[in-house]
There are 4 protein chains.
Amino acid sequence: MQDEFPEKCMIAVGIVGASGYSGGELLRLLARSDRVQVRRVTAHSQAGVPVGAVHTDLARVFPLTFEEFDAGTFEGLDCAFIALPSGEAMQIVPALQGKVGRIIDLGGDFRLPHAALYERYYGRPHTTPALLGTAVYGLPELHRERIRLSSLIANPGCYPTSAILGLLPALAAGIIKPAGIVINALSGVSGAGRSKAVELSFSEVNENIRAYKIGTHQHIPEIQTVLAAACGQEVSCSFIPHLVPLTRGIYSTIHADPNGVHSPESVRNAYEEYYHNEPFVRVMSGIPEIKNVAYTNFCNIATAIEPHSGKLVILSVIDNLVKGAAGQAVQNFNILFGLPEHHMLR
Amino acid sequence: MQDEFPEKCMIAVGIVGASGYSGGELLRLLARSDRVQVRRVTAHSQAGVPVGAVHTDLARVFPLTFEEFDAGTFEGLDCAFIALPSGEAMQIVPALQGKVGRIIDLGGDFRLPHAALYERYYGRPHTTPALLGTAVYGLPELHRERIRLSSLIANPGCYPTSAILGLLPALAAGIIKPAGIVINALSGVSGAGRSKAVELSFSEVNENIRAYKIGTHQHIPEIQTVLAAACGQEVSCSFIPHLVPLTRGIYSTIHADPNGVHSPESVRNAYEEYYHNEPFVRVMSGIPEIKNVAYTNFCNIATAIEPHSGKLVILSVIDNLVKGAAGQAVQNFNILFGLPEHHMLR
Amino acid sequence: MQDEFPEKCMIAVGIVGASGYSGGELLRLLARSDRVQVRRVTAHSQAGVPVGAVHTDLARVFPLTFEEFDAGTFEGLDCAFIALPSGEAMQIVPALQGKVGRIIDLGGDFRLPHAALYERYYGRPHTTPALLGTAVYGLPELHRERIRLSSLIANPGCYPTSAILGLLPALAAGIIKPAGIVINALSGVSGAGRSKAVELSFSEVNENIRAYKIGTHQHIPEIQTVLAAACGQEVSCSFIPHLVPLTRGIYSTIHADPNGVHSPESVRNAYEEYYHNEPFVRVMSGIPEIKNVAYTNFCNIATAIEPHSGKLVILSVIDNLVKGAAGQAVQNFNILFGLPEHHMLR
Amino acid sequence: MQDEFPEKCMIAVGIVGASGYSGGELLRLLARSDRVQVRRVTAHSQAGVPVGAVHTDLARVFPLTFEEFDAGTFEGLDCAFIALPSGEAMQIVPALQGKVGRIIDLGGDFRLPHAALYERYYGRPHTTPALLGTAVYGLPELHRERIRLSSLIANPGCYPTSAILGLLPALAAGIIKPAGIVINALSGVSGAGRSKAVELSFSEVNENIRAYKIGTHQHIPEIQTVLAAACGQEVSCSFIPHLVPLTRGIYSTIHADPNGVHSPESVRNAYEEYYHNEPFVRVMSGIPEIKNVAYTNFCNIATAIEPHSGKLVILSVIDNLVKGAAGQAVQNFNILFGLPEHHMLR
């Protein structure tokens with residue numbers, strides 16, 4: 001449908017690092033629009049290869065070929081999406097600034113507030129620490145107005161999107177204590193990217209489950225600092241990610257200690273009120289499932305008071321490639337360019 | 001190999017409710033022994049059908065046919081295994097007692113200490129409450145000597161086996177507080193039994209995850225009462241079971257608040273010491289995975305101190321059909337009949 | 001996006017039997033359009049239930065509620081889609097004709113040319129045999145112009161779509177003999193519909209494969225008669241369907257005996273020429289995979305001459321819920337209503 | 001149970017290349033025996049690593065450590081199993097001969113009758129062509145007596161085991177023509193070995209199917225030459241392997257043209273008679289499934305006359321790691337050493 005709209009009115013975009021799973025999902029969503037034209041797609045390992053040879057479902061849909069990244073070729077684009085592994089975006093953003101209108105980075109390079117925290121969890125120094133203060137954390141439910149005015153968006157991580165959306169209303173309303181929060185998160189394997197590790201092979205992942213990176217995952221400081229800034233107090237959590245045998249989806253089961261006594265209804269009311277106008281958060285009375293949100297940009301959330309422990313239990317699910325990556329990037333894009341927020345997301 | 005041993009020396013057994021997944025797994029294990037002879041297999045819904053028509057991998061291995069249950073036909077057997085849905089075993093145990101030497105019930109009817117607790121969580125009155133006091137909870141790691149002398153064994157539930165083995169050393173050593181324990185457990189679908197619910201169909205379970213029975217699961221009182229009895233204090237926990245898309249396995253991720261300060265090494269030492277002589281518990285330094293234990297009777301356990309929350313994290317994994325059901329029943333059988341504890345379990 | 005277009009210009013549609021997997025997929029596709037308004041959704045077993053309670057990913061997207069079918073409520077709609085189990089559509093089409101503009105039936109009731117064949121393979125008499133001659137078999141690649149003028153479209157079966165598209169060019173060009181064709185087809189489980197059979201449960205399907213309905217499948221006469229009519233000669237085939245553990249996709253591996261000698265290149269040229277202008281058939285040089293077509297309306301096809309047997313091998317893959325059901329129905333809808341053929345299909 | 005039998009009566013074995021999936025399965029089976037002692041396990045990439053760190057389910061069961069291969073350390077062993085990638089066994093067999101009693105090679109190096117065929121399909125010259133004439137193809141159903149007397153067994157490939165067992169009775173009885181046979185085979189991913197290719201990653205294999213190596217697979221000459229030798233006539237077939245999303249299992253669906261007219265019953269009788277005394281082949285009246293044979297050494301076979309094409313359809317299923325690799329190796333071992341053929345295989 002890209003040819004039906006006058007080309008001069010089209011929003012011209014490029015994608016840096018478009019050969020991975022997030023890049024592919026982004027292309028799939030952008031293909032639905034009659035307002036957006038994808039002009040450049042780069043991929044170091046696939047330079048010279050047609051898009052449809054990598055994202056084979058898109059063969060014929062995008063007659064584009066992956067190129068080596070060259071900031072000059074992005075000159076004049078309205079927006080650049082960056083879907084590179086963490087550590088690479090910070091190398092190229094300075095070159096893109098001034099050439100493209102807006103930048104949406106799907107990686108982790110601009111999500112944390114200062115360089116020391118970045119270095120501690122990502123295991124490398126930050127090369128452009130001055131940019132950390134200028135990027136806006138692109139969670140529309142928290143920062144919609146700041147996003148609208150920003151030229152550098154740090155698109156949230158997949159686990160943090162699920163955990164932060166799950167915890168925000170309870171922390172904002174003072175329903176729970178901000179310390180000792182327990183987040184058990186289950187992720188589909190696409191979250192690990194297109195990769196050739198033995199431990200990601202089908203024979204190893206199928207009929208298997210494993211936790212990983214206990215106490216060291218780079219999404220821990222992202223969750224803690226975003227929630228702390230939003231609620232005005234320190235937040236600490238145990239975050240335990242697990243790999244489970246499905247391709248897409250994140251399931252977060254969160255426990256927190258209530259401040260005082262709350263009824264299930266009052267908690268749910270607080271959640272419904274908090275997300276009342278949000279197009280992509282659904283507060284549920286039943287128990288969420290991945291299939292509620294698979295291939296959508298929705299986050300589904302439910303809450304319960306567990307009777308034996310008295311703890312608040314929060315269940316929050318997303319599709320890691322949509323609301324946890326490409327879909328949220330498109331939602332941010334829609335906000336930046338004044339499009340309906342659900343454009344390309346149905 | 002069942003014909004190589006003098007028949008008069010064989011231990012004669014029967015299985016009540018042998019057509020389900022636990023019954024099938026039990027038959028698979030018993031087929032490995034040259035000391036055990038399976039004489040009777042019953043299954044109401046499959047009466048008249050050969051074993052190999054239901055458990056098709058066992059065709060030719062067991063030339064037996066499922067029968068309707070009749071206590072009289074069990075007369076003289078050394079041991080009866082019961083693999084019926086909960087609520088049915090309590091109807092037939094009185095008729096079996098006196099006719100068979102020993103009874104091992106794989107269901108939930110004799111695991112709780114009193115009838116009121118049973119009724120609250122199982123949703124029906126207990127019909128033989130007097131037997132609750134005589135059954136021994138068949139967790140060898142806790143009750144090996146009592147099992148040896150018992151004539152009615154309540155084989156532990158799948159989730160409780162994983163959770164209790166994970167928590168016992170820490171509670172016994174006073175390392176953790178007994179309140180506010182959080183157990184997130186992930187189960188393979190075979191735990192739901194051979195069943196025809198839409199929500200258990202492949203199209204619904206594949207690429208999906210869902211929590212269920214929050215705060216109401218019948219394994220909660222089993223976990224709490226066994227741990228309380230073992231440790232001499234009330235234990236309370238939030239237990240959240242989840243269905244994930246694999247056939248076998250239980251993955252329990254447990255958080256508890258430490259009593260005072262403990263190093264990771266001291267915690268691990270306590271675990272290794274506690275299970276020092278146990279043939280089927282492996283304390284690990286790495287992170288457990290389902291494939292460590294799939295198709296085995298092992299429980300693998302690891303511990304960590306999570307640095308952001310200070311909580312003790314315990315990971316405990318089993319195969320729900322082996323250590324969580326049929327394998328543990330065989331381990332109990334071996335204890336009862338003086339066989340090496342790993343007989344049939346390799 | 002349904003609210004952005006003047007309502008009087010919207011195409012009004014209803015779906016009979018909208019609670020199954022095909023109905024859900026149809027709703028997902030229709031949600032992408034700013035030209036189509038879904039006015040009625042019926043489902044006997046779910047009457048009174050909101051669409052979003054069944055197709056949970058669509059909660060909030062469609063604020064509709066399933067109703068009992070009543071032909072009167074369809075009065076004035078531009079198009080009715082029927083996604084009922086085979087045998088039910090023929091009961092209601094007479095009542096819909098005259099009330100709605102066009103009817104697209106996704107089931108098998110109008111795909112065969114005469115009632116005797118229907119009765120033989122579907123196991124029941126056809127109740128409206130007169131309609132069999134008026135329906136157009138809705139394979140756009142074969143009948144685009146007839147579809148455009150038709151008021152009753154028999155949307156092709158999933159297996160037949162894959163097999164017929166794979167065989168058409170070779171039969172039309174006389175490359176292969178029309179007898180002794182062997183079609184091995186592998187289907188995802190969603191093809192069996194939302195159903196509660198034990199044999200469709202996750203524990204039975206996962207890590208399993210099975211063939212079924214050898215020589216009796218109702219898609220055999222559909223494949224044979226459509227190909228025979230298209231090529232002007234009798235066509236006979238062995239069609240062996242298999243259930244494999246994935247949710248979506250059909251993989252057909254076809255063997256046929258060549259007429260004379262053909263090079264791989266000449267065969268491929270014949271295929272490329274045949275599908276030259278088709279928007280949804282991609283002739284490939286590599287080997288097709290389900291992921292080439294998953295969640296798309298494409299059929300991917302490749303051919304090879306197998307050197308040991310000299311046979312022509314044709315590989316043809318589709319997504320059974322899209323090109324094999326709802327997507328092809330939308331493609332037919334677009335043809336009927338003069339929309340771009342890929343509308344809603346990207 | 002390895003310690004219960006007098007050590008001097010134990011059969012001492014070693015495994016070369018024991019870190020892969022076949023090696024692990026072999027260890028799992030050998031662990032069940034009280035007659036066999038595993039003395040040496042080698043693995044180039046894992047030298048110095050304990051067995052239980054690679055095959056984690058076997059931790060504690062085998063207190064052995066992988067070593068670099070050194071023929072001298074195998075001196076005096078009763079049997080060596082070789083589970084190396086094809087191309088490596090032929091390098092070491094000469095050094096093992098004379099040092100160990102018997103050799104069972106699970107790879108492809110000794111399965112073909114002459115070096116030219118090996119080079120054509122394996123893409124490398126054979127380095128010890130003289131040994132090709134001395135090895136016995138270890139399919140017990142065909143060569144039991146020759147196996148008993150052999151010192152070098154070429155354990156059959158996974159696909160050939162399934163295809164040959166499926167075709168032997170029909171070819172031997174002259175029921176089918178030996179040309180134009182079509183074998184469609186579906187394999188679980190473990191058949192590709194423990195490997196880190198992107199195309200074997202979970203995200204690529206899950207919800208996907210793909211054919212591969214059409215007309216070039218190295219199992220084609222194995223199938224053709226073994227059947228030709230057994231039946232005294234040239235055999236030609238199209239063999240199309242497919243990768244499907246399960247870990248274990250091979251499903252072969254075979255079509256062949258009958259010689260004359262045969263009833264389904266007469267065909268089945270021929271099969272039952274052919275395999276009458278075979279402990280590990282089950283001729284079925286129903287349709288085989290992978291779960292009939294998973295984790296067993298059985299091959300299940302069914303036949304049908306497809307009515308539209310008149311072709312004979314043969315369905316043959318095995319577990320690729322058991323009857324297709326380690327289990328058949330153990331069956332051969334049992335024959336070599338005079339043990340009951342099902343020893344370790346229940």
# chains A, B, ... in the order shown; residues from 1 in each chain; ligands from 1
>>> residues_around(residues="Leu26 (chain B)", least_positions_apart="2", cutoff="9 Å", atoms="only C-alpha atoms", output="PyMOL selection string")
chain B and resi 15+18+21-24+28-31+81+321-322+325-327+329-330
>>> interface_residues(of="chain B", to="chain A", cutoff="7 Å", atoms="only C-alpha atoms", output="tab-separated table (two decimals) with N, CA and C atoms, in the first residue's frame")
chain	number	residue	atom	x	y	z
B	180	GLY	N	6.38	-15.54	54.43
B	180	GLY	CA	6.59	-14.69	53.26
B	180	GLY	C	7.44	-15.32	52.18
B	207	GLU	N	3.27	-21.95	22.43
B	207	GLU	CA	3.50	-20.51	22.35
B	207	GLU	C	2.64	-19.74	23.36
B	208	ASN	N	2.39	-20.33	24.50
B	208	ASN	CA	1.59	-19.68	25.52
B	208	ASN	C	2.17	-19.99	26.91
B	209	ILE	N	1.84	-19.17	27.87
B	209	ILE	CA	2.15	-19.40	29.29
B	209	ILE	C	0.98	-18.86	30.07
B	210	ARG	N	0.60	-19.53	31.15
B	210	ARG	CA	-0.40	-18.92	32.04
B	210	ARG	C	-0.23	-19.41	33.47
B	211	ALA	N	-0.41	-18.50	34.41
B	211	ALA	CA	-0.50	-18.87	35.81
B	211	ALA	C	-1.90	-19.39	36.08
B	214	ILE	N	-4.19	-19.19	41.70
B	214	ILE	CA	-3.40	-18.36	42.62
B	214	ILE	C	-4.03	-18.36	44.00
B	215	GLY	N	-3.28	-18.79	44.98
B	215	GLY	CA	-3.75	-18.79	46.37
B	215	GLY	C	-4.71	-19.90	46.73
B	236	SER	N	4.65	-20.18	55.92
B	236	SER	CA	3.64	-19.66	55.00
B	236	SER	C	4.30	-19.24	53.69
B	237	CYS	N	3.60	-19.52	52.63
B	237	CYS	CA	4.20	-19.20	51.33
B	237	CYS	C	3.14	-18.78	50.33
B	238	SER	N	3.58	-17.96	49.38
B	238	SER	CA	2.79	-17.70	48.18
B	238	SER	C	3.30	-18.67	47.13
B	245	PRO	N	4.84	-24.38	27.88
B	245	PRO	CA	4.71	-25.34	26.78
B	245	PRO	C	5.84	-26.37	26.69
B	246	LEU	N	5.86	-27.26	27.64
B	246	LEU	CA	6.69	-28.46	27.52
B	246	LEU	C	5.91	-29.60	28.16
B	247	THR	N	6.28	-30.82	27.87
B	247	THR	CA	5.51	-31.96	28.37
B	247	THR	C	5.89	-32.32	29.80
B	248	ARG	N	7.17	-32.33	30.12
B	248	ARG	CA	7.63	-32.81	31.41
B	248	ARG	C	8.52	-31.79	32.10
B	287	ILE	N	23.39	-23.20	37.38
B	287	ILE	CA	21.94	-22.95	37.40
B	287	ILE	C	21.21	-24.18	36.86
B	288	PRO	N	20.27	-24.72	37.61
B	288	PRO	CA	19.56	-25.94	37.16
B	288	PRO	C	18.75	-25.70	35.89
B	289	GLU	N	18.56	-26.77	35.16
B	289	GLU	CA	17.70	-26.78	33.96
B	289	GLU	C	16.85	-28.05	34.03
B	290	ILE	N	15.72	-28.02	33.36
B	290	ILE	CA	14.88	-29.21	33.32
B	290	ILE	C	15.65	-30.39	32.73
B	291	LYS	N	16.46	-30.13	31.73
B	291	LYS	CA	17.13	-31.26	31.08
B	291	LYS	C	18.15	-31.93	32.00
B	306	GLU	N	20.58	-13.05	46.14
B	306	GLU	CA	20.34	-12.03	45.11
B	306	GLU	C	20.78	-10.67	45.67
B	307	PRO	N	21.70	-9.98	44.98
B	307	PRO	CA	22.34	-8.82	45.62
B	307	PRO	C	21.45	-7.58	45.78
B	308	HIS	N	20.47	-7.37	44.90
B	308	HIS	CA	19.67	-6.14	45.01
B	308	HIS	C	18.65	-6.22	46.12
B	309	SER	N	18.14	-7.42	46.36
B	309	SER	CA	17.10	-7.58	47.37
B	309	SER	C	17.63	-8.23	48.64
>>> select_by_dssp(residues="region 50-259 of chain C", states="strand (DSSP E or B)", output="MDAnalysis selection string")
chainID C and resid 50 65 67 79:82 97 100 102:105 136:137 152:154 176 181:187 201 210:211 237:243 250:256 258
>>> write_last_selection(atoms="N, CA and C atoms", output="compact mmCIF listing (two decimals), in the first residue's frame")
# COMPACT_ATOMS: atom_id res chain seq x y z
N PRO C 50 -18.52 -11.54 24.75
CA PRO C 50 -17.80 -10.55 23.93
C PRO C 50 -16.71 -11.22 23.09
N THR C 65 -20.24 -8.47 20.36
CA THR C 65 -20.61 -9.63 21.16
C THR C 65 -21.15 -10.71 20.22
N GLU C 67 -23.45 -13.46 18.75
CA GLU C 67 -24.91 -13.69 18.81
C GLU C 67 -25.22 -15.07 18.25
N CYS C 79 -21.55 -8.21 2.73
CA CYS C 79 -20.90 -9.51 2.61
C CYS C 79 -21.04 -10.31 3.90
N ALA C 80 -21.30 -11.60 3.74
CA ALA C 80 -21.27 -12.51 4.89
C ALA C 80 -20.16 -13.53 4.68
N PHE C 81 -19.28 -13.64 5.68
CA PHE C 81 -18.32 -14.73 5.72
C PHE C 81 -18.92 -15.85 6.57
N ILE C 82 -18.75 -17.08 6.14
CA ILE C 82 -19.22 -18.22 6.95
C ILE C 82 -18.01 -19.07 7.33
N GLN C 97 -29.03 -15.77 1.19
CA GLN C 97 -29.10 -15.27 -0.18
C GLN C 97 -30.30 -14.34 -0.32
N VAL C 100 -27.95 -10.67 1.90
CA VAL C 100 -26.61 -10.07 1.88
C VAL C 100 -26.11 -10.05 0.44
N ARG C 102 -22.93 -10.58 -0.90
CA ARG C 102 -22.06 -11.66 -1.31
C ARG C 102 -21.81 -12.59 -0.13
N ILE C 103 -21.55 -13.85 -0.43
CA ILE C 103 -21.29 -14.84 0.61
C ILE C 103 -19.97 -15.53 0.31
N ILE C 104 -19.10 -15.56 1.32
CA ILE C 104 -17.84 -16.31 1.20
C ILE C 104 -17.84 -17.39 2.27
N ASP C 105 -17.90 -18.65 1.83
CA ASP C 105 -17.94 -19.77 2.78
C ASP C 105 -16.55 -20.37 2.93
N VAL C 136 -18.62 -20.48 -6.91
CA VAL C 136 -17.32 -20.43 -7.59
C VAL C 136 -16.24 -20.84 -6.60
N TYR C 137 -15.36 -21.72 -7.03
CA TYR C 137 -14.26 -22.14 -6.18
C TYR C 137 -13.26 -20.99 -6.09
N LEU C 152 -21.55 -16.29 -4.54
CA LEU C 152 -21.29 -17.35 -3.56
C LEU C 152 -19.91 -17.95 -3.84
N ILE C 153 -19.00 -17.70 -2.94
CA ILE C 153 -17.62 -18.15 -3.11
C ILE C 153 -17.36 -19.32 -2.16
N ALA C 154 -16.87 -20.42 -2.71
CA ALA C 154 -16.41 -21.54 -1.88
C ALA C 154 -14.91 -21.37 -1.68
N ILE C 176 3.94 -33.06 -16.33
CA ILE C 176 3.80 -34.30 -15.55
C ILE C 176 2.58 -35.09 -15.97
N ILE C 181 0.10 -39.26 -8.80
CA ILE C 181 0.73 -38.16 -8.05
C ILE C 181 0.72 -38.49 -6.56
N VAL C 182 1.83 -38.19 -5.89
CA VAL C 182 1.92 -38.46 -4.45
C VAL C 182 2.08 -37.15 -3.70
N ILE C 183 1.12 -36.86 -2.83
CA ILE C 183 1.15 -35.63 -2.04
C ILE C 183 1.30 -35.99 -0.57
N ASN C 184 2.47 -35.70 -0.01
CA ASN C 184 2.65 -35.82 1.44
C ASN C 184 2.48 -34.46 2.04
N ALA C 185 1.55 -34.30 2.94
CA ALA C 185 1.27 -32.97 3.47
C ALA C 185 1.37 -32.99 4.99
N LEU C 186 1.99 -31.95 5.52
CA LEU C 186 2.17 -31.82 6.96
C LEU C 186 1.41 -30.59 7.42
N SER C 187 0.59 -30.75 8.46
CA SER C 187 -0.22 -29.62 8.89
C SER C 187 0.00 -29.28 10.35
N SER C 201 -4.47 -32.86 22.56
CA SER C 201 -3.89 -32.20 23.74
C SER C 201 -2.39 -32.05 23.56
N ARG C 210 1.85 -37.87 13.43
CA ARG C 210 1.05 -39.00 12.95
C ARG C 210 0.35 -38.66 11.64
N ALA C 211 0.31 -39.65 10.76
CA ALA C 211 -0.51 -39.54 9.56
C ALA C 211 -1.96 -39.84 9.96
N CYS C 237 -4.51 -38.87 -7.27
CA CYS C 237 -3.38 -38.69 -6.36
C CYS C 237 -3.56 -39.45 -5.08
N SER C 238 -2.43 -39.82 -4.50
CA SER C 238 -2.40 -40.31 -3.13
C SER C 238 -2.09 -39.10 -2.26
N PHE C 239 -2.98 -38.81 -1.34
CA PHE C 239 -2.80 -37.64 -0.47
C PHE C 239 -2.71 -38.13 0.97
N ILE C 240 -1.56 -37.94 1.60
CA ILE C 240 -1.36 -38.42 2.97
C ILE C 240 -1.13 -37.23 3.90
N PRO C 241 -2.15 -36.85 4.68
CA PRO C 241 -1.96 -35.75 5.61
C PRO C 241 -1.32 -36.23 6.93
N HIS C 242 -0.50 -35.39 7.51
CA HIS C 242 0.17 -35.71 8.78
C HIS C 242 -0.02 -34.54 9.74
N LEU C 243 -0.18 -34.85 11.00
CA LEU C 243 -0.24 -33.82 12.04
C LEU C 243 1.15 -33.70 12.66
N ILE C 250 1.20 -25.36 6.50
CA ILE C 250 1.04 -26.60 5.74
C ILE C 250 2.24 -26.72 4.81
N TYR C 251 2.84 -27.90 4.84
CA TYR C 251 4.01 -28.18 4.01
C TYR C 251 3.65 -29.36 3.12
N SER C 252 3.54 -29.13 1.81
CA SER C 252 3.22 -30.21 0.88
C SER C 252 4.45 -30.57 0.06
N THR C 253 4.81 -31.84 0.11
CA THR C 253 5.91 -32.37 -0.70
C THR C 253 5.29 -33.32 -1.71
N ILE C 254 5.39 -32.95 -2.97
CA ILE C 254 4.64 -33.64 -4.03
C ILE C 254 5.61 -34.31 -4.99
N HIS C 255 5.33 -35.56 -5.35
CA HIS C 255 6.09 -36.27 -6.38
C HIS C 255 5.17 -36.56 -7.56
N ALA C 256 5.70 -36.36 -8.76
CA ALA C 256 4.92 -36.71 -9.95
C ALA C 256 5.88 -37.21 -11.03
N PRO C 258 7.34 -37.23 -14.64
CA PRO C 258 7.40 -36.31 -15.78
C PRO C 258 6.94 -36.99 -17.07
>>> residues_around(residues="Val38 (chain C)", least_positions_apart="6", cutoff="7 Å", atoms="only C-alpha atoms", output="ChimeraX atom specification")
/C:12-14
>>> atom_distance(atom1="CA of Asp109 (chain C)", atom2="CA of Phe66 (chain C)")
23.0 Å
>>> residues_around(residues="Glu75 (chain D)", least_positions_apart="6", cutoff="9 Å", atoms="only C-alpha atoms", output="list in words")
Leu96, Gly98, Lys99 and Val100 of chain D
>>> residues_around(residues="Ala95 (chain A)", least_positions_apart="5", cutoff="10 Å", atoms="only C-alpha atoms", output="list in words")
Asp70, Ala71, Gly72, Phe74, Met90 and Val100 of chain A
>>> residues_around(residues="region 121-131 of chain C", least_positions_apart="3", cutoff="8 Å", atoms="only C-alpha atoms", output="number ranges by chain")
C: 87, 90-91, 109-110, 114-118, 134-135, 216-218, 221
>>> select_by_dssp(residues="region 202-335 of chain B", states="alpha helix (DSSP H)", output="JSON, numbers by chain")
{"B": [202, 203, 204, 205, 219, 220, 221, 222, 223, 224, 225, 226, 227, 228, 229, 230, 231, 264, 265, 266, 267, 268, 269, 270, 271, 272, 273, 274, 327, 328, 329, 330, 331, 332, 333, 334, 335]}
>>> atom_distance(atom1="CA of His343 (chain B)", atom2="CA of Tyr274 (chain B)")
23.0 Å
>>> residues_around(residues="Val198 (chain A)", least_positions_apart="2", cutoff="7 Å", atoms="only C-alpha atoms", output="number ranges by chain")
A: 196, 200-201; D: 194-196
>>> atom_distance(atom1="CA of Glu68 (chain C)", atom2="CA of Gly193 (chain C)")
19.7 Å
